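A short worksheet on the structure shown next.
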Amino acid sequence: MSEREPAFVIVTGMSGAGRSTAAKALEDLGWFVIDNLPPGLLFAMAEEAGRVKLAADKVAAVVDVRSLAFTTDLNAAIEELEGRGVAVRVVFLEASDEELVRRFENVRRPHPLQGDGRLVDGIARERGILREVRANADLVIDTSNLNVHELRGKIVAFFGGEDRPGLRVNVVSFGYKYGLPVDADLVVDCRFLPNPHWVPELRPMNGLDASVREYVLNQAGAKELLDAYEEVVGIIAAGYTREGKSYATLAVGCTGGKHRSVAMAEQIGSRLRDRGGMDVQVSHRDVGRE
């Protein structure tokens, strides 16, 4: 291998969750991408990329479940790469069963693992095969509520900047009534704070409005939560960095994902940016959903 190993990303995940879109986004960013690569050939690809310095040392491989003995092969290939000094990052694309069914029905094609069974049978079988891969992934992206442009934006945000510092953190607000974000690494619950929904003049606003922000942040316990959570995230971020984890998603929840979680997510994001050493983005999953 060359003295400077390439940045090596493996893109995998559920069929229909957007692997091709992610691969195209990486290509547009100047990455050298190979699609449908068997796990057993990953090291050979990395070795060749390092030898000829392909694509400015940015190489990605798309691996899917159709490879026989997928989980064993992929885990073994990753261990071989890391054992030989190649820095590997695994991106796993996820989506809900309902959304995957809708996508397959829209394109009128079967799931690659459904065989003679139903579409949902193929999805369930794939989830079982990929369970360990998902658990060990560096970055999990839930595409259930993303269109192709939004997914591309996430890939660009994570991989588009060469000079971004340290851990890349996505702080996302959400509403518990709509379910937990499946890609969350850490979750904080803001439902103990009084709900602006019950204040008539604040109800139509959201946590991005100054009046709502001031109401939420002035409640008993809000500052204490922010202080404590900032310290906890700082400790965890340092550990993630030591362990080679490059990405983290922090989910901040309230009942509807409109008031408290939005205001608190914005504050958490601001505090983490001020600490330095992290590239922080804030998004609001459920604003406008009501």
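Ordering of the structure tokens sets the chain letters (A, B, ...), residue numbers begin anew at 1 in every chain, and ligands are numbered from 1 in the order given.
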
Distance query A:Leu130 at most 10 Å, only C-alpha atoms, self and fewer than 4 positions along chain excluded, as a list in words: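 Everything that qualifies: Thr12, Gly13, Met14, Asp64, Val65, Phe70, Thr71, Phe92, Arg125, Glu126, Arg134 and Ala135 of chain A.
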
Deliver the residues from the most recent selection as a file, using N, CA and C atoms, as a PDB file, in the first residue's frame.
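To be explicit, this is the file written out as out-v3.pdb:
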ATOM      1  N   THR A  12     -23.618   1.178   2.023  1.00  0.00           N
ATOM      2  CA  THR A  12     -24.456  -0.011   2.006  1.00  0.00           C
ATOM      3  C   THR A  12     -25.803   0.339   2.642  1.00  0.00           C
ATOM      4  N   GLY A  13     -26.631  -0.665   2.876  1.00  0.00           N
ATOM      5  CA  GLY A  13     -27.929  -0.405   3.490  1.00  0.00           C
ATOM      6  C   GLY A  13     -29.062  -1.109   2.778  1.00  0.00           C
ATOM      7  N   MET A  14     -30.275  -0.740   3.112  1.00  0.00           N
ATOM      8  CA  MET A  14     -31.461  -1.391   2.594  1.00  0.00           C
ATOM      9  C   MET A  14     -31.665  -1.101   1.113  1.00  0.00           C
ATOM     10  N   ASP A  64     -24.029  -4.292  -1.688  1.00  0.00           N
ATOM     11  CA  ASP A  64     -25.415  -4.596  -1.337  1.00  0.00           C
ATOM     12  C   ASP A  64     -25.572  -6.032  -0.875  1.00  0.00           C
ATOM     13  N   VAL A  65     -26.801  -6.355  -0.494  1.00  0.00           N
ATOM     14  CA  VAL A  65     -27.085  -7.618   0.174  1.00  0.00           C
ATOM     15  C   VAL A  65     -27.043  -8.814  -0.766  1.00  0.00           C
ATOM     16  N   PHE A  70     -23.231 -12.183   2.910  1.00  0.00           N
ATOM     17  CA  PHE A  70     -22.916 -10.740   2.905  1.00  0.00           C
ATOM     18  C   PHE A  70     -22.297 -10.273   4.213  1.00  0.00           C
ATOM     19  N   THR A  71     -22.953 -10.546   5.337  1.00  0.00           N
ATOM     20  CA  THR A  71     -22.494  -9.995   6.608  1.00  0.00           C
ATOM     21  C   THR A  71     -21.101 -10.484   6.947  1.00  0.00           C
ATOM     22  N   PHE A  92     -24.530   3.640   6.201  1.00  0.00           N
ATOM     23  CA  PHE A  92     -25.676   2.730   6.071  1.00  0.00           C
ATOM     24  C   PHE A  92     -26.933   3.552   5.811  1.00  0.00           C
ATOM     25  N   ARG A 125     -36.280 -10.070   5.450  1.00  0.00           N
ATOM     26  CA  ARG A 125     -35.091 -10.912   5.347  1.00  0.00           C
ATOM     27  C   ARG A 125     -33.828 -10.051   5.233  1.00  0.00           C
ATOM     28  N   GLU A 126     -33.915  -8.980   4.447  1.00  0.00           N
ATOM     29  CA  GLU A 126     -32.760  -8.101   4.288  1.00  0.00           C
ATOM     30  C   GLU A 126     -32.401  -7.423   5.603  1.00  0.00           C
ATOM     31  N   ARG A 134     -25.534  -2.678  10.177  1.00  0.00           N
ATOM     32  CA  ARG A 134     -26.107  -1.406  10.602  1.00  0.00           C
ATOM     33  C   ARG A 134     -25.610  -1.016  11.982  1.00  0.00           C
ATOM     34  N   ALA A 135     -25.550  -1.973  12.885  1.00  0.00           N
ATOM     35  CA  ALA A 135     -25.122  -1.679  14.256  1.00  0.00           C
ATOM     36  C   ALA A 135     -23.696  -1.146  14.308  1.00  0.00           C
TER      37      ALA A 135
END

Would you pick out the contacts of stretch 183-197 of chain A at 7 Å or less, using only C-alpha atoms, so that residues sharing its chain but fewer than 6 positions from it are not included, and give the list as a PyMOL selection string? chain A and resi 140-142+203+212+219+248-255+259-261

Of the listed residues A:Val233, A:Val148, A:Val120, A:Leu81, that which approaches A:Gly18 most closely, counting only C-alpha atoms: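 Answer, going by the shortest atom-to-atom distance: A:Val148.
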
Go ahead and compute the interatomic distance for atom CA of A:Val88 and atom CA of A:Leu167, in Å to one decimal.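 Taking atom CA of A:Val88 as the start and atom CA of A:Leu167 as the end point, the length is 15.2 Å.
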
To one decimal place, how far is atom CA of A:Arg102 from atom CA of A:Gln114 in Å? 15.2 Å

Selection: 10 Å around A:Tyr178, only C-alpha atoms, excl. self and same-chain fewer than 2 positions, as a ChimeraX atom specification: /A:174-176,180-181,255-257,285-286,289
